[in-house]
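Everything below belongs to protein-v8.cif, which stores mmCIF, C-alpha atoms (C1' of nucleotides).
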```cif
data_start
#
loop_
_atom_site.label_atom_id
_atom_site.label_comp_id
_atom_site.auth_asym_id
_atom_site.auth_seq_id
_atom_site.Cartn_x
_atom_site.Cartn_y
_atom_site.Cartn_z
CA MET A 26 0.00 0.00 0.00
CA LYS A 27 2.61 2.44 -1.16
CA VAL A 28 0.14 5.29 -1.79
CA PHE A 29 -0.89 5.22 1.83
CA ILE A 30 2.64 5.29 3.22
CA ASP A 31 3.64 7.96 0.72
CA TYR A 32 0.74 10.07 1.89
CA ILE A 33 1.84 9.85 5.51
CA LEU A 34 5.49 10.52 4.73
CA GLN A 35 4.51 13.92 3.34
CA PHE A 36 3.86 14.98 6.92
CA GLY A 37 6.88 13.53 8.74
CA ASN A 38 9.76 11.10 8.52
CA LEU A 39 9.30 7.47 9.48
CA ASN A 40 11.70 4.57 9.04
CA LYS A 41 10.89 1.20 7.53
CA GLN A 42 10.27 -0.37 10.92
CA GLN A 43 7.74 2.32 11.76
CA THR A 44 5.87 2.16 8.47
CA ASP A 45 5.79 -1.63 8.78
CA LEU A 46 4.22 -1.31 12.19
CA ILE A 47 1.57 1.04 10.80
CA MET A 48 0.82 -1.30 7.90
CA SER A 49 0.58 -4.29 10.24
CA LYS A 50 -2.32 -2.60 12.00
CA ALA A 51 -4.20 -1.67 8.82
CA LYS A 52 -7.17 -3.79 7.80
CA MET A 53 -8.88 -3.82 4.44
CA LEU A 54 -12.52 -2.77 4.33
CA GLU A 55 -14.83 -2.86 1.32
CA LEU A 56 -17.98 -0.82 1.28
CA HIS A 57 -20.75 -1.14 -1.25
CA LYS A 58 -22.40 1.94 -2.67
CA ASP A 59 -24.73 3.51 -0.07
CA GLU A 60 -23.23 1.61 2.89
CA TYR A 61 -22.21 3.70 5.86
CA PHE A 62 -18.68 4.15 7.12
CA SER A 63 -19.96 6.02 10.16
CA GLU A 64 -23.47 6.87 11.33
CA ALA A 65 -25.16 9.62 13.31
CA GLY A 66 -26.03 8.33 16.76
CA LYS A 67 -23.21 5.80 16.78
CA ILE A 68 -19.62 6.07 17.94
CA PRO A 69 -17.16 6.12 15.03
CA ARG A 70 -15.10 2.96 15.40
CA GLN A 71 -12.42 3.50 12.81
CA VAL A 72 -10.27 5.81 10.77
CA GLY A 73 -10.08 5.05 7.06
CA PHE A 74 -7.88 5.78 4.09
CA ILE A 75 -9.62 5.55 0.73
CA LEU A 76 -7.85 3.39 -1.87
CA GLU A 77 -10.77 3.34 -4.27
CA GLY A 78 -14.10 5.12 -4.35
CA VAL A 79 -15.82 8.22 -3.04
CA VAL A 80 -17.61 8.92 0.22
CA ARG A 81 -19.76 11.81 1.36
CA PHE A 82 -20.47 13.44 4.73
CA CYS A 83 -24.10 14.34 5.31
CA TYR A 84 -26.54 15.35 8.00
CA TYR A 85 -30.17 16.37 8.35
CA ASN A 86 -30.84 20.04 9.03
CA ASN A 87 -33.68 21.32 11.20
CA LYS A 88 -36.05 21.27 8.23
CA GLY A 89 -35.35 17.56 7.78
CA GLU A 90 -33.45 18.12 4.55
CA GLU A 91 -30.45 15.93 3.91
CA ILE A 92 -27.37 18.10 3.42
CA THR A 93 -24.19 16.77 1.82
CA HIS A 94 -21.34 18.99 2.93
CA HIS A 95 -18.19 17.09 2.04
CA PHE A 96 -16.82 14.58 -0.45
CA ILE A 97 -13.64 12.55 -0.06
CA ASP A 98 -12.05 10.50 -2.80
CA GLU A 99 -9.02 8.27 -3.38
CA ASN A 100 -5.82 8.69 -1.42
CA ASN A 101 -7.32 10.65 1.40
CA PHE A 102 -8.16 9.92 4.99
CA VAL A 103 -11.79 9.66 5.94
CA SER A 104 -12.87 9.97 9.54
CA ASP A 105 -15.31 11.75 11.79
CA GLN A 106 -12.13 12.65 13.59
CA GLN A 107 -13.30 14.67 16.57
CA LYS A 108 -15.93 12.10 17.46
CA PHE A 109 -13.53 9.25 16.79
CA GLU A 110 -10.82 10.68 19.04
CA ALA A 111 -13.23 11.36 21.87
CA GLN A 112 -15.20 8.16 21.18
CA VAL A 113 -18.53 9.93 21.40
CA VAL A 114 -21.59 9.53 19.19
CA ALA A 115 -21.47 11.11 15.78
CA SER A 116 -24.02 13.64 14.57
CA GLU A 117 -23.61 12.95 10.90
CA TYR A 118 -23.27 10.15 8.40
CA ILE A 119 -20.33 9.10 6.27
CA GLN A 120 -21.65 7.10 3.34
CA ALA A 121 -20.10 5.36 0.35
CA VAL A 122 -21.16 7.16 -2.83
CA THR A 123 -19.58 4.42 -4.94
CA ASP A 124 -18.19 1.01 -4.05
CA CYS A 125 -15.09 1.65 -1.95
CA LYS A 126 -11.92 -0.02 -0.81
CA LEU A 127 -10.34 1.38 2.32
CA LEU A 128 -7.56 0.74 4.76
CA VAL A 129 -9.00 1.07 8.25
CA PHE A 130 -7.67 1.35 11.79
CA SER A 131 -9.58 0.59 14.95
CA LYS A 132 -9.39 3.04 17.85
CA LYS A 133 -7.20 0.59 19.75
CA ASP A 134 -4.76 0.10 16.90
CA TRP A 135 -4.67 3.84 16.22
CA ASP A 136 -3.79 4.47 19.86
CA ASP A 137 -1.27 1.63 19.86
CA ILE A 138 0.57 3.27 17.00
CA ALA A 139 0.63 6.57 18.88
CA ASN A 140 2.08 4.84 21.92
CA ILE A 141 4.88 3.26 19.93
CA ILE A 142 5.72 5.96 17.39
CA VAL A 143 6.58 9.15 19.20
CA ASP A 144 5.83 11.44 16.26
CA TRP A 145 2.51 9.82 15.34
CA ASP A 146 0.33 12.36 17.14
CA LYS A 147 2.25 15.18 15.52
CA ILE A 148 1.93 13.67 12.06
CA THR A 149 -1.76 12.92 12.36
CA GLY A 150 -2.24 16.41 13.78
CA LEU A 151 -0.63 17.90 10.69
CA ILE A 152 -2.73 15.71 8.42
CA LEU A 153 -5.91 16.78 10.15
CA LYS A 154 -4.97 20.46 9.99
CA ASN A 155 -4.29 20.03 6.31
CA CYS A 156 -7.65 18.40 5.69
CA LEU A 157 -9.49 21.07 7.65
CA LEU A 158 -7.78 23.84 5.71
CA LYS A 159 -8.64 22.23 2.39
CA THR A 160 -12.24 21.84 3.50
CA ILE A 161 -12.47 25.53 4.37
CA GLU A 162 -10.82 26.56 1.12
CA ARG A 163 -13.35 24.60 -0.91
CA ARG A 164 -16.48 25.25 1.05
CA SER A 165 -16.12 28.84 2.15
CA PRO A 166 -16.01 30.47 -1.32
CA LEU A 167 -19.33 28.81 -2.21
CA VAL A 168 -21.09 31.22 0.13
CA SER A 169 -20.34 34.22 -2.03
CA GLU A 170 -20.60 32.66 -5.48
CA ASP A 171 -23.66 32.31 -7.70
CA ALA A 172 -24.92 28.85 -8.61
CA THR A 173 -23.12 28.59 -11.95
CA THR A 174 -19.79 29.66 -10.49
CA ARG A 175 -20.24 27.18 -7.65
CA TYR A 176 -20.64 24.36 -10.10
CA LEU A 177 -17.68 25.44 -12.23
CA THR A 178 -15.50 25.75 -9.15
CA PHE A 179 -16.59 22.31 -8.00
CA PHE A 180 -15.89 20.95 -11.45
CA GLU A 181 -12.37 22.38 -11.37
CA HIS A 182 -11.62 20.84 -8.00
CA PHE A 183 -13.20 17.46 -8.74
CA PRO A 184 -13.16 16.97 -12.52
CA THR A 185 -13.12 13.19 -12.16
CA LEU A 186 -15.78 13.06 -9.46
CA VAL A 187 -18.53 14.82 -11.34
CA ASN A 188 -19.46 11.75 -13.32
CA ARG A 189 -19.30 9.38 -10.37
CA ILE A 190 -21.53 11.30 -8.01
CA PRO A 191 -25.32 11.57 -8.38
CA LEU A 192 -26.45 15.01 -9.41
CA SER A 193 -28.64 15.32 -6.34
CA TYR A 194 -25.64 14.99 -4.01
CA ILE A 195 -23.66 17.58 -5.93
CA ALA A 196 -26.62 19.95 -5.92
CA SER A 197 -26.96 19.52 -2.16
CA TYR A 198 -23.24 20.14 -1.70
CA LEU A 199 -23.51 23.34 -3.73
CA GLY A 200 -26.58 24.50 -1.84
CA ILE A 201 -28.92 24.51 -4.84
CA THR A 202 -31.79 22.31 -6.02
CA GLN A 203 -31.14 19.50 -8.44
CA GLN A 204 -33.41 21.22 -10.96
CA SER A 205 -31.19 24.28 -10.84
CA LEU A 206 -28.07 22.21 -11.29
CA SER A 207 -29.58 20.38 -14.21
CA ARG A 208 -30.49 23.71 -15.80
CA ILE A 209 -26.98 25.05 -15.17
CA ARG A 210 -25.40 22.02 -16.81
CA LYS A 211 -27.63 22.57 -19.83
CA ASN A 212 -26.67 26.24 -20.09
CA ILE A 213 -22.98 25.46 -19.90
CA ARG A 214 -22.94 23.05 -22.85
CA MET B 24 -3.68 38.99 31.24
CA LYS B 25 -5.56 36.21 32.92
CA VAL B 26 -8.04 35.72 30.07
CA PHE B 27 -5.19 34.91 27.73
CA ILE B 28 -3.53 32.38 30.01
CA ASP B 29 -6.88 30.83 30.85
CA TYR B 30 -7.55 30.42 27.16
CA ILE B 31 -4.29 28.55 26.64
CA LEU B 32 -4.70 26.38 29.71
CA GLN B 33 -7.86 24.94 28.17
CA PHE B 34 -5.62 23.11 25.74
CA GLY B 35 -2.84 21.82 28.00
CA ASN B 36 -1.23 22.11 31.40
CA LEU B 37 1.48 24.68 32.03
CA ASN B 38 3.09 25.69 35.30
CA LYS B 39 3.58 29.23 36.57
CA GLN B 40 7.12 29.41 35.25
CA GLN B 41 5.94 28.48 31.78
CA THR B 42 3.01 30.89 31.67
CA ASP B 43 5.33 33.63 32.96
CA LEU B 44 7.70 32.91 30.10
CA ILE B 45 4.86 33.18 27.61
CA MET B 46 3.62 36.43 29.11
CA SER B 47 7.14 37.88 29.10
CA LYS B 48 7.20 37.53 25.32
CA ALA B 49 3.79 39.11 24.74
CA LYS B 50 3.64 42.72 23.57
CA MET B 51 0.63 44.99 23.56
CA LEU B 52 -0.61 46.24 20.21
CA GLU B 53 -3.39 48.74 19.62
CA LEU B 54 -5.06 48.97 16.24
CA HIS B 55 -7.38 51.71 15.16
CA LYS B 56 -10.51 50.89 13.22
CA ASP B 57 -9.61 49.99 9.61
CA GLU B 58 -5.89 49.41 10.33
CA TYR B 59 -4.45 46.14 9.10
CA PHE B 60 -3.10 43.38 11.32
CA SER B 61 -1.83 41.52 8.25
CA GLU B 62 -1.89 42.35 4.56
CA ALA B 63 -2.05 40.47 1.27
CA GLY B 64 1.34 40.56 -0.39
CA LYS B 65 3.21 40.88 2.90
CA ILE B 66 4.58 38.26 5.26
CA PRO B 67 2.55 38.01 8.50
CA ARG B 68 4.92 39.07 11.24
CA GLN B 69 2.93 38.20 14.32
CA VAL B 70 0.32 36.13 16.05
CA GLY B 71 -2.25 38.04 18.06
CA PHE B 72 -4.76 37.45 20.82
CA ILE B 73 -7.65 39.90 20.90
CA LEU B 74 -8.34 41.53 24.26
CA GLU B 75 -10.74 44.12 22.88
CA GLY B 76 -12.32 44.64 19.49
CA VAL B 77 -13.22 42.77 16.34
CA VAL B 78 -11.21 41.97 13.22
CA ARG B 79 -12.20 40.54 9.87
CA PHE B 80 -10.45 38.43 7.24
CA CYS B 81 -11.03 39.51 3.67
CA TYR B 82 -9.78 39.04 0.15
CA TYR B 83 -10.62 40.14 -3.38
CA ASN B 84 -12.18 37.53 -5.64
CA ASN B 85 -11.56 37.29 -9.37
CA LYS B 86 -14.36 39.78 -10.05
CA GLY B 87 -12.59 42.31 -7.86
CA GLU B 88 -15.24 42.11 -5.17
CA GLU B 89 -14.09 42.35 -1.58
CA ILE B 90 -15.19 39.25 0.33
CA THR B 91 -15.25 39.12 4.12
CA HIS B 92 -15.10 35.48 5.13
CA HIS B 93 -14.29 35.51 8.83
CA PHE B 94 -14.74 37.59 11.97
CA ILE B 95 -12.81 37.21 15.19
CA ASP B 96 -13.67 38.93 18.44
CA GLU B 97 -12.45 39.15 22.04
CA ASN B 98 -10.56 36.31 23.70
CA ASN B 99 -9.56 34.57 20.52
CA PHE B 100 -6.34 34.18 18.61
CA VAL B 101 -6.00 36.00 15.33
CA SER B 102 -3.39 34.95 12.82
CA ASP B 103 -2.91 34.10 9.18
CA GLN B 104 -1.41 31.00 10.70
CA GLN B 105 -0.27 28.97 7.71
CA LYS B 106 1.46 31.96 6.17
CA PHE B 107 2.85 33.02 9.53
CA GLU B 108 4.34 29.60 10.26
CA ALA B 109 5.91 29.31 6.83
CA GLN B 110 6.79 33.03 6.75
CA VAL B 111 5.47 33.46 3.23
CA VAL B 112 3.39 36.29 1.78
CA ALA B 113 -0.26 36.39 2.70
CA SER B 114 -3.04 36.37 0.13
CA GLU B 115 -5.62 38.09 2.28
CA TYR B 116 -6.08 40.95 4.69
CA ILE B 117 -6.79 40.96 8.40
CA GLN B 118 -8.29 44.30 9.31
CA ALA B 119 -9.54 45.91 12.51
CA VAL B 120 -13.32 46.39 12.28
CA THR B 121 -13.29 48.39 15.52
CA ASP B 122 -10.45 49.81 17.59
CA CYS B 123 -8.59 46.81 19.01
CA LYS B 124 -6.25 45.87 21.79
CA LEU B 125 -4.18 42.75 21.24
CA LEU B 126 -1.38 40.77 22.76
CA VAL B 127 1.06 39.93 19.98
CA PHE B 128 4.01 37.62 19.50
CA SER B 129 6.73 37.99 16.88
CA LYS B 130 7.79 34.95 14.89
CA LYS B 131 11.05 34.82 16.84
CA ASP B 132 9.36 34.96 20.23
CA TRP B 133 6.76 32.42 19.14
CA ASP B 134 9.55 30.05 18.09
CA ASP B 135 11.51 30.76 21.26
CA ILE B 136 8.56 29.67 23.34
CA ALA B 137 8.30 26.44 21.34
CA ASN B 138 11.97 25.75 21.92
CA ILE B 139 11.66 26.17 25.67
CA ILE B 140 8.23 24.71 26.37
CA VAL B 141 8.09 21.14 25.09
CA ASP B 142 4.30 21.01 24.81
CA TRP B 143 3.92 24.39 23.09
CA ASP B 144 3.64 22.99 19.58
CA LYS B 145 1.08 20.48 20.74
CA ILE B 146 -0.99 23.13 22.51
CA THR B 147 -0.92 25.59 19.64
CA GLY B 148 -1.73 22.72 17.29
CA LEU B 149 -4.84 21.92 19.33
CA ILE B 150 -5.84 25.58 19.40
CA LEU B 151 -5.50 25.86 15.65
CA LYS B 152 -7.52 22.67 15.05
CA ASN B 153 -10.19 24.04 17.33
CA CYS B 154 -10.32 27.34 15.46
CA LEU B 155 -10.49 25.61 12.09
CA LEU B 156 -13.32 23.38 13.25
CA LYS B 157 -15.29 26.34 14.55
CA THR B 158 -14.75 28.16 11.28
CA ILE B 159 -16.10 25.22 9.30
CA GLU B 160 -19.07 24.81 11.62
CA ARG B 161 -20.06 28.43 11.14
CA ARG B 162 -19.31 28.93 7.49
CA SER B 163 -20.32 25.64 5.94
CA PRO B 164 -24.03 25.68 6.85
CA LEU B 165 -24.40 29.07 5.15
CA VAL B 166 -24.08 27.36 1.78
CA SER B 167 -27.39 25.55 2.14
CA GLU B 168 -29.40 28.20 3.96
CA ASP B 169 -31.50 31.00 2.50
CA ALA B 170 -30.56 34.61 3.19
CA THR B 171 -32.87 35.11 6.16
CA THR B 172 -31.72 31.93 7.87
CA ARG B 173 -28.11 32.91 7.28
CA TYR B 174 -28.64 36.18 9.07
CA LEU B 175 -30.51 34.58 11.97
CA THR B 176 -27.78 31.95 12.35
CA PHE B 177 -25.14 34.66 12.31
CA PHE B 178 -27.12 36.63 14.85
CA GLU B 179 -27.26 33.61 17.15
CA HIS B 180 -23.52 33.05 16.99
CA PHE B 181 -22.54 36.71 17.31
CA PRO B 182 -25.39 38.51 19.10
CA THR B 183 -23.02 41.15 20.45
CA LEU B 184 -21.15 41.64 17.20
CA VAL B 185 -24.09 42.58 15.03
CA ASN B 186 -24.17 46.15 16.28
CA ARG B 187 -20.43 46.67 16.10
CA ILE B 188 -19.90 45.55 12.53
CA PRO B 189 -20.96 47.58 9.46
CA LEU B 190 -23.89 46.03 7.63
CA SER B 191 -21.87 45.80 4.44
CA TYR B 192 -19.30 43.49 6.06
CA ILE B 193 -21.97 41.23 7.49
CA ALA B 194 -23.74 41.08 4.13
CA SER B 195 -20.48 40.12 2.44
CA TYR B 196 -19.84 37.45 5.06
CA LEU B 197 -23.31 36.02 4.46
CA GLY B 198 -22.89 36.11 0.70
CA ILE B 199 -25.73 38.54 0.04
CA THR B 200 -25.96 42.20 -0.98
CA GLN B 201 -26.31 44.88 1.64
CA GLN B 202 -29.66 45.81 0.16
CA SER B 203 -30.89 42.27 0.76
CA LEU B 204 -29.62 42.29 4.32
CA SER B 205 -31.28 45.63 5.00
CA ARG B 206 -34.54 44.23 3.61
CA ILE B 207 -34.20 41.10 5.74
CA ARG B 208 -33.64 43.14 8.89
CA LYS B 209 -36.76 45.11 8.11
CA ASN B 210 -38.83 41.96 7.60
CA ILE B 211 -37.65 40.48 10.88
CA ARG B 212 -38.74 43.42 13.03
"C1'" DA C 25 -26.39 74.17 13.49
"C1'" DC C 26 -24.61 73.49 9.03
"C1'" DT C 27 -21.76 71.00 5.64
"C1'" DG C 28 -19.97 67.18 3.65
"C1'" DC C 29 -19.28 62.38 3.93
"C1'" DT C 30 -20.53 57.65 4.76
"C1'" DT C 31 -23.82 54.10 5.90
"C1'" DT C 32 -28.26 52.30 5.70
"C1'" DT C 33 -32.81 52.09 3.90
"C1'" DT C 34 -36.16 52.11 0.22
"C1'" DA C 35 -37.92 51.58 -4.37
"C1'" DC C 36 -38.24 49.58 -8.78
"C1'" DC C 37 -37.43 46.27 -12.16
"C1'" DA C 38 -34.60 42.38 -14.06
"C1'" DA C 39 -32.56 38.03 -13.33
"C1'" DA C 40 -31.81 33.89 -10.80
"C1'" DT C 41 -33.48 30.29 -8.10
"C1'" DG C 42 -37.06 27.44 -5.81
"C1'" DG C 43 -41.26 24.44 -5.79
"C1'" DT C 44 -44.40 21.45 -7.96
"C1'" DA C 45 -45.21 18.36 -11.40
"C1'" DA C 46 -44.64 15.81 -15.41
"C1'" DA C 47 -41.77 13.77 -19.09
"C1'" DT C 48 -37.68 11.51 -20.42
"C1'" DG C 49 -33.85 8.45 -19.94
"C1'" DG C 50 -31.30 4.69 -17.85
"C1'" DT C 51 -30.75 0.64 -15.09
"C1'" DT C 52 -32.10 -3.46 -12.72
"C1'" DT C 53 -35.04 -7.38 -12.14
"C1'" DA C 54 -38.31 -10.76 -13.31
"C1'" DT D 15 -38.28 -7.91 -23.61
"C1'" DA D 16 -41.22 -5.86 -20.48
"C1'" DA D 17 -42.01 -3.86 -16.15
"C1'" DA D 18 -40.66 -1.39 -12.32
"C1'" DC D 19 -37.77 1.77 -10.32
"C1'" DC D 20 -34.78 5.65 -9.83
"C1'" DA D 21 -32.18 9.64 -11.65
"C1'" DT D 22 -32.27 13.45 -14.56
"C1'" DT D 23 -34.29 16.84 -17.44
"C1'" DT D 24 -37.78 20.03 -18.71
"C1'" DA D 25 -41.64 23.15 -18.04
"C1'" DC D 26 -44.28 26.48 -15.64
"C1'" DC D 27 -44.98 29.87 -12.34
"C1'" DA D 28 -44.03 31.94 -7.63
"C1'" DT D 29 -40.61 33.77 -4.78
"C1'" DT D 30 -36.23 35.45 -3.69
"C1'" DT D 31 -32.32 37.96 -4.65
"C1'" DG D 32 -29.48 41.20 -7.43
"C1'" DG D 33 -28.50 45.72 -9.74
"C1'" DT D 34 -29.14 50.49 -10.20
"C1'" DA D 35 -30.49 54.55 -8.24
"C1'" DA D 36 -32.18 57.69 -5.08
"C1'" DA D 37 -33.68 59.04 -0.43
"C1'" DA D 38 -33.00 59.02 4.40
"C1'" DA D 39 -30.33 58.59 8.42
"C1'" DG D 40 -26.21 58.88 11.04
"C1'" DC D 41 -21.71 61.07 12.00
"C1'" DA D 42 -17.56 64.06 12.05
"C1'" DG D 43 -15.59 68.42 11.61
"C1'" DT D 44 -16.06 73.29 11.37
#
```
For this file, write the structure as structure tokens.
Amino acid sequence: MKVFIDYILQFGNLNKQQTDLIMSKAKMLELHKDEYFSEAGKIPRQVGFILEGVVRFCYYNNKGEEITHHFIDENNFVSDQQKFEAQVVASEYIQAVTDCKLLVFSKKDWDDIANIIVDWDKITGLILKNCLLKTIERRSPLVSEDATTRYLTFFEHFPTLVNRIPLSYIASYLGITQQSLSRIRKNIR
Amino acid sequence: MKVFIDYILQFGNLNKQQTDLIMSKAKMLELHKDEYFSEAGKIPRQVGFILEGVVRFCYYNNKGEEITHHFIDENNFVSDQQKFEAQVVASEYIQAVTDCKLLVFSKKDWDDIANIIVDWDKITGLILKNCLLKTIERRSPLVSEDATTRYLTFFEHFPTLVNRIPLSYIASYLGITQQSLSRIRKNIR
DNA sequence: ACTGCTTTTTACCAAATGGTAAATGGTTTA
DNA sequence: TAAACCATTTACCATTTGGTAAAAAGCAGT
């Protein structure tokens, strides 16, 4: 699983022995489309790294509408990290948008790694910061853009995702109705 | 500056000697309304902690419109942190919305503290994560809300700020025109 | 109190988006 | 292949929001 180790090594140096330890704890998990990686009302049991596929984060707002607010694709970590770390119940869902293959770590194994590798907390802290920053950079500009610009921006960021994700999820992510998104797509062609 | 030390102690334990060291490095900075704490095109020279006042983060989008995307008020850190840490030029402005009093740390002093206090990096890492999470929690929902709901949500989060910040900045933050916000305020009364 | 300046409110119309509903297209299952 | 099901597109109209402009209100300096 070179891609996974390469990803981690971007954030700190680890020797062969250390990366071997990390890999020895990783388990393979396959999710079918629509299966949940983590669910509202349940405690997140694992951290994942996506080898194949796309997942989405979603929740239900106070009007009962389902809101998709985040997508994650290949070669990225996926985790409801705050709830995972604290081992408290989640308030949102993480769902497979396509069939997925992931490397996963249980809470115990994740902690074991931290107890053996001194820099692990630092590295995972950097990774999390990085993910949070990216999330802000992608989501925040949507607030001030019109619907067409939102879609074009999304398309730039995720050119390969657009065809793998149902239109309704993308529309929800962009904060517009699926009718509007369909109309926008038509106008763009 | 008890509020400042109390803030930090939320994220880790420090003894008197350590907090004294931190305080010895802090300098007082006063900003007048509209003065910049950090500017696009310049390297951020300091990290601040707001004792009094409100600042905003803003940038110019590709249409030349000024976008306010973040407010920070009393008892919070203010920093263009990624650019500060890397000491590279900023791409956005941090401006005083009201007259402000801050505690500030130069890059050198900030690094000195990290070199003396072992846990400093860990603590500041936790603080940053916390700030990023809060930012996402406040900004992200705006994407899927209508204008009135955006304003009401903002009002809930910052009840005391609403009267200290020009309407045009709030409108920009909410991604609507100031005319719309004025209309919304009227409809609410 | 008056002047000049900025911010906020109002008004009007145009444009964009939402809501409801129906039609089309695509995929899976029997 | 047909039937059933789900996703997407289209259509229509109502509502919201934007753009331009002007009026009103608030504020600072003389």
Pull out every residue of chain A sitting within 10 Å of chain D, counting only C-alpha atoms (C1' of nucleotides), and send them as an mmCIF file with C-alpha atoms, in the coordinates of the input.
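Done, and the output landed in iface35.cif:
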```
data_model
loop_
_atom_site.group_PDB
_atom_site.id
_atom_site.type_symbol
_atom_site.label_atom_id
_atom_site.label_comp_id
_atom_site.auth_asym_id
_atom_site.auth_seq_id
_atom_site.Cartn_x
_atom_site.Cartn_y
_atom_site.Cartn_z
ATOM 1 C CA PRO A 191 -25.320 11.570 -8.380
ATOM 2 C CA LEU A 192 -26.450 15.010 -9.410
ATOM 3 C CA SER A 193 -28.640 15.320 -6.340
ATOM 4 C CA GLN A 203 -31.140 19.500 -8.440
ATOM 5 C CA GLN A 204 -33.410 21.220 -10.960
ATOM 6 C CA SER A 207 -29.580 20.380 -14.210
ATOM 7 C CA ARG A 208 -30.490 23.710 -15.800
ATOM 8 C CA LYS A 211 -27.630 22.570 -19.830
#
```
Atom-to-atom span, CA of Ser167 in chain B and CA of Glu77 in chain A, Å: 28.5 Å
Give me, as a tab-separated table, each residue of chain C that comes within 10 Å of chain A, together with its shortest interatomic pair and the distance in Å at one decimal, counting all atoms listed in the file, with rows ordered by chain and rising residue number.
```
residue	atom	partner	partner_atom	distance
C:DA40	C1'	A:Ala172	CA	8.8
C:DT41	C1'	A:Ser205	CA	7.0
C:DG42	C1'	A:Thr202	CA	7.4
C:DG43	C1'	A:Thr202	CA	9.7
```
Next, write the just-selected residues to a file, as a PDB file, keeping the file's coordinate frame, keeping C-alpha atoms (C1' of nucleotides) as the atom set.
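Full text of out31.pdb as output:
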```
ATOM      1  C1'  DA C  40     -31.810  33.890 -10.800  1.00  0.00           C
ATOM      2  C1'  DT C  41     -33.480  30.290  -8.100  1.00  0.00           C
ATOM      3  C1'  DG C  42     -37.060  27.440  -5.810  1.00  0.00           C
ATOM      4  C1'  DG C  43     -41.260  24.440  -5.790  1.00  0.00           C
TER       5       DG C  43
END
```
Target residues per the PyMOL selection byres ((chain A) within 10 of (chain B)), formatted as number ranges by chain: A: 86, 90, 92-95, 107, 146-147, 150-151, 153-155, 157-158, 160-171, 196-202
Point-to-point distance in Å for CA of Asp124 in chain A and CA of Gly66 in chain A: 23.4 Å
With all atoms of range 26-36 of chain C from the file as input, state the centre and edge lengths in Å to one decimal of the axis-aligned box that has 3 Å extra on each side, as lines of an AutoDock Vina configuration file.
```
center_x = -28.8
center_y = 61.5
center_z = 0.1
size_x = 25.0
size_y = 29.9
size_z = 23.8
```
Could you tell me, as a PDB file with C-alpha atoms, in the frame of the given file, exactly which residues end up selected when the PyMOL selection byres ((chain B and resi 80) around 10) is applied to this structure?
```
ATOM      1  CA  TYR B  59      -4.450  46.140   9.100  1.00  0.00           C
ATOM      2  CA  PHE B  60      -3.100  43.380  11.320  1.00  0.00           C
ATOM      3  CA  SER B  61      -1.830  41.520   8.250  1.00  0.00           C
ATOM      4  CA  GLU B  62      -1.890  42.350   4.560  1.00  0.00           C
ATOM      5  CA  VAL B  78     -11.210  41.970  13.220  1.00  0.00           C
ATOM      6  CA  ARG B  79     -12.200  40.540   9.870  1.00  0.00           C
ATOM      7  CA  CYS B  81     -11.030  39.510   3.670  1.00  0.00           C
ATOM      8  CA  TYR B  82      -9.780  39.040   0.150  1.00  0.00           C
ATOM      9  CA  ILE B  90     -15.190  39.250   0.330  1.00  0.00           C
ATOM     10  CA  THR B  91     -15.250  39.120   4.120  1.00  0.00           C
ATOM     11  CA  HIS B  92     -15.100  35.480   5.130  1.00  0.00           C
ATOM     12  CA  HIS B  93     -14.290  35.510   8.830  1.00  0.00           C
ATOM     13  CA  PHE B  94     -14.740  37.590  11.970  1.00  0.00           C
ATOM     14  CA  ILE B  95     -12.810  37.210  15.190  1.00  0.00           C
ATOM     15  CA  VAL B 101      -6.000  36.000  15.330  1.00  0.00           C
ATOM     16  CA  SER B 102      -3.390  34.950  12.820  1.00  0.00           C
ATOM     17  CA  ASP B 103      -2.910  34.100   9.180  1.00  0.00           C
ATOM     18  CA  GLU B 115      -5.620  38.090   2.280  1.00  0.00           C
ATOM     19  CA  TYR B 116      -6.080  40.950   4.690  1.00  0.00           C
ATOM     20  CA  ILE B 117      -6.790  40.960   8.400  1.00  0.00           C
ATOM     21  CA  GLN B 118      -8.290  44.300   9.310  1.00  0.00           C
ATOM     22  CA  ALA B 119      -9.540  45.910  12.510  1.00  0.00           C
ATOM     23  CA  VAL B 120     -13.320  46.390  12.280  1.00  0.00           C
ATOM     24  CA  TYR B 196     -19.840  37.450   5.060  1.00  0.00           C
TER      25      TYR B 196
END
```
Atomic separation - CA of Phe72 in chain B relative to CA of Trp133 in chain B, Å: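 We find that CA of Trp133 in chain B and CA of Phe72 in chain B lie 12.7 Å from each other.
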Using the atoms already present, construct N, CA and C atoms for range 142-146 of chain A and hand them back as a PDB file, keeping the file's coordinate frame.
```pdb
ATOM      1  N   ILE A 142       5.015   4.983  18.229  1.00  0.00           N
ATOM      2  CA  ILE A 142       5.720   5.960  17.390  1.00  0.00           C
ATOM      3  C   ILE A 142       5.546   7.350  17.984  1.00  0.00           C
ATOM      4  N   VAL A 143       6.644   7.888  18.462  1.00  0.00           N
ATOM      5  CA  VAL A 143       6.580   9.150  19.200  1.00  0.00           C
ATOM      6  C   VAL A 143       5.935  10.264  18.377  1.00  0.00           C
ATOM      7  N   ASP A 144       6.299  10.344  17.093  1.00  0.00           N
ATOM      8  CA  ASP A 144       5.830  11.440  16.260  1.00  0.00           C
ATOM      9  C   ASP A 144       4.416  11.254  15.693  1.00  0.00           C
ATOM     10  N   TRP A 145       3.787  10.124  15.981  1.00  0.00           N
ATOM     11  CA  TRP A 145       2.510   9.820  15.340  1.00  0.00           C
ATOM     12  C   TRP A 145       1.443  10.895  15.575  1.00  0.00           C
ATOM     13  N   ASP A 146       1.322  11.332  16.832  1.00  0.00           N
ATOM     14  CA  ASP A 146       0.330  12.360  17.140  1.00  0.00           C
ATOM     15  C   ASP A 146       0.612  13.644  16.359  1.00  0.00           C
TER      16      ASP A 146
END
```
